[in-house]
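Raw contents of run.cif, mmCIF, C-alpha atoms:
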```
data_data
loop_
_atom_site.label_atom_id
_atom_site.label_comp_id
_atom_site.auth_asym_id
_atom_site.auth_seq_id
_atom_site.Cartn_x
_atom_site.Cartn_y
_atom_site.Cartn_z
CA MET A 28 12.32 -94.36 -15.39
CA SER A 29 11.12 -91.52 -13.17
CA VAL A 30 7.62 -90.10 -12.90
CA ILE A 31 7.89 -86.43 -13.92
CA ASP A 32 5.39 -83.61 -13.58
CA CYS A 33 6.55 -81.62 -16.60
CA HIS A 34 4.80 -78.33 -15.82
CA HIS A 35 4.45 -76.38 -12.60
CA HIS A 36 5.26 -73.00 -11.09
CA VAL A 37 6.30 -71.53 -7.76
CA TRP A 38 6.25 -67.93 -6.67
CA TRP A 39 6.86 -65.56 -3.81
CA LEU A 40 4.71 -62.51 -4.49
CA ASP A 41 6.89 -60.11 -2.51
CA LYS A 42 9.85 -61.00 -4.75
CA PHE A 43 8.03 -61.24 -8.08
CA PRO A 44 4.54 -59.72 -8.10
CA HIS A 45 2.05 -61.44 -10.40
CA GLN A 46 -1.06 -60.07 -12.03
CA PHE A 47 -3.79 -62.58 -12.80
CA PRO A 48 -6.92 -61.84 -14.83
CA PRO A 49 -9.70 -60.58 -12.52
CA SER A 50 -11.91 -63.43 -13.73
CA TRP A 51 -9.56 -65.91 -12.03
CA GLY A 52 -10.49 -64.63 -8.58
CA THR A 53 -8.05 -64.46 -5.67
CA THR A 54 -7.04 -68.10 -5.10
CA LEU A 55 -3.59 -67.63 -6.62
CA TYR A 56 -2.72 -64.44 -4.75
CA ARG A 57 -0.49 -66.09 -2.16
CA ASP A 58 2.94 -67.67 -2.14
CA PHE A 59 3.27 -71.16 -3.61
CA THR A 60 6.61 -72.69 -2.68
CA PRO A 61 8.49 -75.97 -3.11
CA ASP A 62 7.64 -76.79 0.50
CA ASP A 63 3.95 -76.49 -0.39
CA PHE A 64 4.37 -78.73 -3.42
CA ARG A 65 6.64 -81.45 -2.04
CA PRO A 66 3.97 -83.34 -0.01
CA GLU A 67 1.58 -83.26 -2.98
CA LEU A 68 4.22 -84.87 -5.17
CA LYS A 69 5.05 -87.51 -2.58
CA ALA A 70 1.40 -88.42 -2.10
CA CYS A 71 1.00 -88.99 -5.85
CA GLY A 72 4.25 -90.92 -6.36
CA ILE A 73 5.95 -88.24 -8.48
CA ASP A 74 9.75 -88.33 -8.49
CA GLY A 75 10.63 -85.02 -10.11
CA THR A 76 9.34 -81.93 -11.86
CA ILE A 77 10.06 -79.30 -14.47
CA LEU A 78 9.66 -75.74 -13.19
CA VAL A 79 8.30 -73.36 -15.83
CA GLN A 80 8.51 -69.56 -15.94
CA SER A 81 5.42 -67.57 -15.04
CA LEU A 82 6.80 -64.11 -15.92
CA ASP A 83 8.68 -62.83 -18.97
CA ASP A 84 11.48 -61.79 -16.65
CA TYR A 85 15.11 -62.90 -16.81
CA ASP A 86 15.56 -62.24 -13.08
CA GLU A 87 12.76 -64.72 -12.37
CA THR A 88 14.67 -67.29 -14.43
CA LEU A 89 17.82 -66.78 -12.36
CA HIS A 90 15.73 -67.06 -9.20
CA TYR A 91 14.08 -70.26 -10.44
CA LEU A 92 17.47 -71.79 -11.16
CA ASP A 93 18.58 -71.01 -7.61
CA VAL A 94 15.36 -72.58 -6.30
CA ALA A 95 15.98 -75.65 -8.46
CA GLU A 96 19.48 -76.07 -7.04
CA GLN A 97 18.02 -75.96 -3.53
CA ASN A 98 15.31 -78.54 -4.29
CA ASP A 99 16.44 -81.81 -5.83
CA PHE A 100 12.96 -82.79 -7.00
CA ILE A 101 13.08 -79.90 -9.53
CA ARG A 102 14.98 -81.66 -12.30
CA ALA A 103 14.93 -78.82 -14.86
CA VAL A 104 13.88 -75.21 -15.42
CA VAL A 105 12.16 -73.69 -18.45
CA GLY A 106 12.95 -70.01 -18.08
CA TRP A 107 12.79 -66.84 -20.16
CA VAL A 108 15.28 -64.92 -22.29
CA PRO A 109 14.66 -61.85 -24.51
CA LEU A 110 13.82 -63.41 -27.88
CA ALA A 111 13.00 -60.06 -29.46
CA ASP A 112 16.61 -58.91 -28.96
CA PRO A 113 18.96 -61.48 -30.53
CA THR A 114 22.10 -59.90 -29.08
CA ALA A 115 20.68 -59.88 -25.56
CA CYS A 116 19.37 -63.40 -26.11
CA VAL A 117 22.83 -64.72 -26.98
CA GLN A 118 24.33 -62.93 -23.99
CA ALA A 119 21.74 -64.47 -21.70
CA LEU A 120 22.29 -67.96 -23.10
CA ASP A 121 26.05 -67.58 -22.68
CA ALA A 122 25.54 -66.51 -19.07
CA LEU A 123 23.22 -69.47 -18.44
CA ARG A 124 25.66 -72.04 -19.83
CA PRO A 125 26.93 -73.11 -16.37
CA ARG A 126 23.38 -73.52 -15.05
CA ARG A 127 22.93 -77.22 -15.77
CA LYS A 128 19.19 -77.26 -14.99
CA PHE A 129 18.33 -74.64 -17.63
CA VAL A 130 16.79 -76.65 -20.48
CA GLY A 131 14.72 -74.16 -22.47
CA MET A 132 12.48 -71.13 -22.44
CA ARG A 133 8.92 -69.95 -22.81
CA HIS A 134 7.57 -66.55 -23.81
CA LEU A 135 3.98 -65.69 -22.90
CA ILE A 136 2.90 -65.05 -26.45
CA VAL A 137 -0.72 -65.34 -25.29
CA TYR A 138 -0.39 -61.81 -23.88
CA GLU A 139 1.25 -60.22 -26.93
CA LYS A 140 -1.04 -57.81 -28.78
CA ASP A 141 0.35 -58.99 -32.10
CA PRO A 142 -0.88 -62.57 -32.68
CA ARG A 143 2.03 -63.05 -35.10
CA TRP A 144 4.65 -61.88 -32.60
CA LEU A 145 6.53 -65.16 -32.86
CA LEU A 146 7.26 -64.63 -36.56
CA GLN A 147 9.13 -61.35 -36.14
CA PRO A 148 12.59 -61.65 -37.78
CA THR A 149 14.40 -60.85 -34.53
CA VAL A 150 12.44 -63.50 -32.63
CA GLN A 151 13.07 -66.07 -35.35
CA GLU A 152 16.78 -65.25 -35.25
CA SER A 153 16.86 -65.92 -31.52
CA LEU A 154 14.96 -69.18 -31.94
CA ALA A 155 17.50 -70.29 -34.55
CA GLU A 156 20.16 -69.80 -31.87
CA PHE A 157 18.05 -71.91 -29.52
CA ALA A 158 18.00 -74.69 -32.09
CA ARG A 159 21.78 -74.50 -32.54
CA ARG A 160 22.31 -74.87 -28.81
CA GLY A 161 19.82 -77.71 -28.38
CA PHE A 162 17.41 -75.91 -26.07
CA VAL A 163 13.64 -76.42 -26.03
CA PHE A 164 11.14 -73.69 -26.92
CA GLU A 165 7.79 -73.91 -25.14
CA ALA A 166 4.76 -72.39 -26.86
CA ILE A 167 1.66 -71.33 -24.95
CA THR A 168 -1.20 -70.37 -27.27
CA ASN A 169 -4.89 -69.55 -26.91
CA THR A 170 -5.96 -68.82 -30.48
CA GLU A 171 -5.88 -70.41 -33.91
CA GLU A 172 -3.62 -67.67 -35.25
CA GLN A 173 -1.13 -67.96 -32.39
CA LEU A 174 -0.92 -71.72 -32.86
CA GLY A 175 -0.46 -71.14 -36.58
CA THR A 176 2.70 -69.13 -35.91
CA VAL A 177 4.07 -72.06 -33.92
CA LEU A 178 3.45 -74.40 -36.86
CA ASP A 179 5.17 -71.94 -39.20
CA THR A 180 8.15 -71.84 -36.85
CA ALA A 181 8.31 -75.64 -36.70
CA ARG A 182 8.31 -75.73 -40.50
CA ARG A 183 11.11 -73.18 -40.75
CA MET A 184 13.23 -74.77 -38.00
CA PRO A 185 13.03 -78.56 -38.07
CA ASP A 186 15.93 -78.76 -35.60
CA LEU A 187 14.13 -76.70 -32.95
CA ASP A 188 12.38 -78.79 -30.29
CA ILE A 189 8.99 -77.18 -29.63
CA VAL A 190 6.66 -78.17 -26.79
CA LEU A 191 3.04 -77.07 -26.98
CA ASN A 192 1.67 -76.23 -23.55
CA HIS A 193 -1.68 -77.43 -22.26
CA LEU A 194 -2.83 -79.61 -25.20
CA GLY A 195 -2.65 -76.58 -27.50
CA ARG A 196 -5.63 -75.03 -25.65
CA PRO A 197 -8.55 -77.29 -26.58
CA PRO A 198 -12.01 -75.65 -26.44
CA LEU A 199 -12.95 -77.50 -23.25
CA PRO A 200 -15.20 -74.90 -21.60
CA GLU A 201 -17.04 -74.41 -24.89
CA GLN A 202 -17.18 -78.18 -25.54
CA GLY A 203 -15.99 -77.32 -29.05
CA TRP A 204 -13.75 -79.19 -31.47
CA GLU A 205 -12.64 -77.28 -34.55
CA PRO A 206 -10.40 -75.58 -35.56
CA TRP A 207 -8.35 -76.94 -32.65
CA ALA A 208 -8.62 -80.61 -33.72
CA ALA A 209 -7.47 -79.99 -37.29
CA GLN A 210 -4.61 -77.79 -36.12
CA MET A 211 -3.37 -80.49 -33.76
CA VAL A 212 -3.32 -82.96 -36.65
CA LYS A 213 -1.19 -80.46 -38.59
CA ALA A 214 1.06 -79.97 -35.57
CA ALA A 215 1.57 -83.71 -35.21
CA ALA A 216 2.96 -83.83 -38.75
CA PHE A 217 6.04 -81.97 -37.47
CA PRO A 218 8.31 -84.43 -35.64
CA ASN A 219 9.91 -81.58 -33.69
CA ILE A 220 6.62 -80.69 -31.89
CA SER A 221 5.59 -82.37 -28.64
CA VAL A 222 2.60 -81.68 -26.37
CA LYS A 223 1.98 -81.34 -22.67
CA LEU A 224 -1.01 -83.25 -21.33
CA SER A 225 -2.08 -80.41 -19.05
CA VAL A 226 -4.71 -77.67 -18.88
CA GLY A 227 -4.01 -73.92 -18.93
CA GLY A 228 -5.31 -71.06 -16.85
CA ASP A 229 -7.50 -69.78 -19.68
CA VAL A 230 -9.50 -73.00 -19.29
CA VAL A 231 -9.34 -73.95 -15.62
CA TRP A 232 -10.80 -70.75 -14.17
CA ARG A 233 -14.13 -71.51 -15.83
CA TRP A 234 -14.07 -75.32 -15.96
CA ARG A 235 -14.27 -77.78 -13.10
CA TRP A 236 -11.81 -80.64 -13.65
CA SER A 237 -13.52 -83.55 -15.36
CA THR A 238 -11.50 -86.50 -16.60
CA ASP A 239 -14.44 -87.64 -18.71
CA GLU A 240 -14.75 -84.27 -20.46
CA ILE A 241 -11.07 -83.93 -21.25
CA ARG A 242 -10.70 -87.49 -22.52
CA ARG A 243 -11.82 -86.86 -26.11
CA TYR A 244 -9.22 -84.10 -26.42
CA SER A 245 -6.39 -86.06 -24.84
CA ASP A 246 -7.26 -89.13 -26.91
CA HIS A 247 -7.13 -87.03 -30.08
CA VAL A 248 -3.68 -85.72 -29.18
CA MET A 249 -2.45 -89.17 -28.17
CA GLN A 250 -3.71 -90.69 -31.41
CA HIS A 251 -1.84 -88.24 -33.61
CA PHE A 252 1.31 -87.50 -31.58
CA GLY A 253 1.81 -90.85 -29.87
CA PRO A 254 3.08 -91.37 -26.30
CA GLN A 255 6.65 -90.56 -27.31
CA ARG A 256 5.63 -86.93 -27.92
CA VAL A 257 3.13 -86.42 -25.08
CA MET A 258 4.05 -85.70 -21.46
CA ALA A 259 2.02 -85.27 -18.28
CA GLY A 260 1.96 -81.93 -16.48
CA SER A 261 -0.17 -80.62 -13.66
CA ASN A 262 0.14 -76.83 -14.11
CA TRP A 263 0.21 -76.47 -10.32
CA PRO A 264 -0.79 -74.16 -8.70
CA VAL A 265 -2.89 -72.65 -11.51
CA VAL A 266 -4.85 -75.88 -11.87
CA LEU A 267 -6.09 -75.48 -8.30
CA LEU A 268 -8.71 -73.20 -9.82
CA SER A 269 -10.40 -76.33 -11.17
CA GLY A 270 -9.57 -79.08 -8.67
CA SER A 271 -7.10 -80.42 -6.13
CA PHE A 272 -3.63 -81.52 -7.21
CA ALA A 273 -4.39 -85.16 -6.41
CA GLU A 274 -7.66 -85.02 -8.36
CA VAL A 275 -5.90 -83.59 -11.41
CA TRP A 276 -2.89 -85.91 -11.35
CA HIS A 277 -4.94 -89.04 -10.81
CA GLY A 278 -7.24 -87.80 -13.57
CA ILE A 279 -4.26 -87.57 -15.94
CA GLU A 280 -3.23 -91.09 -14.96
CA ASN A 281 -6.76 -92.27 -15.67
CA LEU A 282 -6.55 -90.80 -19.17
CA LEU A 283 -3.70 -93.24 -19.87
CA THR A 284 -5.40 -96.47 -18.83
CA GLY A 285 -5.67 -97.74 -22.40
CA LEU A 286 -1.92 -97.54 -23.02
CA SER A 287 0.67 -100.27 -22.66
CA ALA A 288 2.93 -100.11 -19.61
CA ALA A 289 5.78 -98.77 -21.74
CA ASP A 290 3.66 -96.06 -23.38
CA ARG A 291 2.18 -95.05 -20.05
CA ALA A 292 5.67 -94.74 -18.57
CA ALA A 293 6.68 -92.53 -21.50
CA VAL A 294 3.84 -90.05 -20.92
CA LEU A 295 4.42 -90.03 -17.16
CA GLY A 296 8.12 -89.29 -17.40
CA GLY A 297 10.12 -90.88 -20.19
CA THR A 298 9.11 -88.39 -22.86
CA ALA A 299 10.01 -85.41 -20.64
CA GLU A 300 13.35 -86.96 -19.71
CA ARG A 301 14.22 -87.43 -23.37
CA ILE A 302 13.03 -84.10 -24.75
CA TYR A 303 14.51 -82.01 -21.96
CA ARG A 304 17.62 -84.19 -21.76
CA ILE A 305 17.18 -84.68 -18.04
#
```
Using the file provided, produce a representation of the structure as structure tokens.
Amino acid sequence: MSVIDCHHHVWWLDKFPHQFPPSWGTTLYRDFTPDDFRPELKACGIDGTILVQSLDDYDETLHYLDVAEQNDFIRAVVGWVPLADPTACVQALDALRPRRKFVGMRHLIVYEKDPRWLLQPTVQESLAEFARRGFVFEAITNTEEQLGTVLDTARRMPDLDIVLNHLGRPPLPEQGWEPWAAQMVKAAAFPNISVKLSVGGDVVWRWRWSTDEIRRYSDHVMQHFGPQRVMAGSNWPVVLLSGSFAEVWHGIENLLTGLSAADRAAVLGGTAERIYRI
């Protein structure tokens, strides 16, 4: 069983300009490439990765798939297709059929003005097509209402594999608990929802990585989802706002010390291999 970092990005800013919140500073305003990432992975004993979209841009997805074909350590790509236009969505999925590393998609619903964007009939129609084709939908949320739309979608579409990014955005900087904790219990009741053991940009820009501080949140998720529905992800390079890659990855490993060898192996790769059909 391979060790898999299930969540990272790459970008070349001249090809695909990015805009980060001003509060994040300037650390991320440079190119981050597979050549930058490869030595970090080797140093931490990571065999492969899943490359995740950072723009709601179909051209970026095609570019990522080309990058994945050129770099064997990238085992799969979570891209983007236009969910709000079911016809265009189907056309995109048909065009992507030969691209064997395309395993699913993410839409940055955190930036949609409508917190219930995901429940639009056209979006739901496209997600139903995703379920029929066996692709994964990744959900990145920052608010209780956004996460609620993901739970509604899971209820409506039990055959759709949904992966919550970044522990469902626990209130780490605020050292809070509810309503996040109760919502994660509700999410765990849906067998088609899994969770990434990672931390998102909304948290890391104002929180210095602390394995001790994140432990109560990761333990809560592990208790209710179980290792077969939790997977380790670094969120490189965004996580560099809070610590080095090695610090973060070894911190994630440390969060798993209480697990059996088999359960630990699941979180560090087996779960991702199964859910993404790698």
**Request:** Kindly resolve the PyMOL selection byres ((chain A and resi 143-147) around 12) on the present coordinates and return the residues as a PyMOL selection string.
**Result:** chain A and resi 110-113+133-142+148-155+164-168+170-184
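In this structure, CA of Ile73 in chain A sits 7.7 Å away from CA of Ser29 in chain A.
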Would you give me, as a Markdown table, each residue of range 38-132 of chain A having an atom within 12 Å of an atom of range 240-261 of chain A, along with its shortest atom pair and that distance in Å to one decimal, using all atoms listed in the file and sorting by chain and residue number?
```
| residue | atom | partner | partner_atom | distance |
| --- | --- | --- | --- | --- |
| A:Phe64 | CA | A:Ser261 | CA | 11.4 |
| A:Glu67 | CA | A:Ser261 | CA | 11.1 |
| A:Leu68 | CA | A:Ser261 | CA | 10.5 |
| A:Cys71 | CA | A:Ser261 | CA | 11.5 |
| A:Ile73 | CA | A:Gly260 | CA | 10.9 |
| A:Gly75 | CA | A:Gly260 | CA | 11.2 |
| A:Thr76 | CA | A:Gly260 | CA | 8.7 |
| A:Ile77 | CA | A:Gly260 | CA | 8.8 |
| A:Leu78 | CA | A:Gly260 | CA | 10.4 |
| A:Val79 | CA | A:Gly260 | CA | 10.7 |
```
**Request:** Mind checking which residues fall within 7 Å of range 83-96 of chain A, counting all atoms listed in the file, ignoring those fewer than 2 positions away in the same chain, and posting them as a PyMOL selection string?
**Result:** chain A and resi 80-81+98-99+101+104+106-108+128+134-135
**Request:** Quick one: pull the distance between CA of Trp236 in chain A and CA of Ala70 in chain A, Å, one decimal.
**Result:** 19.2 Å
**Request:** Using the chain letters and residue numbers of this document, give as a ChimeraX atom specification the residues selected by the PyMOL selection byres ((chain A and resi 275-277) around 12).
**Result:** /A:30-34,67-73,224-226,231,235-239,241,259-274,278-284,295
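When CA of Asn219 in chain A is paired with CA of Glu201 in chain A, their separation reads 29.2 Å.
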**Message:** Counting all atoms listed in the file, I want the residues whose atoms come within 9 Å of (4.5, -68.7, -0.8) in the file frame, returned as a PyMOL selection string.
**Reply:** chain A and resi 37-40+57-63
**Message:** Measuring between all atoms listed in the file, which one of A:Pro197, A:Pro66, A:Gly161, A:Pro109 shows the shortest distance to Arg124 in chain A?
**Reply:** A:Gly161
**Asked** Got a sec: who's within 9 Å of Val130 in chain A, counting all atoms listed in the file, leaving out chain neighbours fewer than 5 positions off, as a list of chain:residue names?
**Response** A:Ala103, A:Val104, A:Val105, A:Gly106, A:Gly161, A:Phe162, A:Val163, A:Tyr303, A:Arg304, A:Ile305
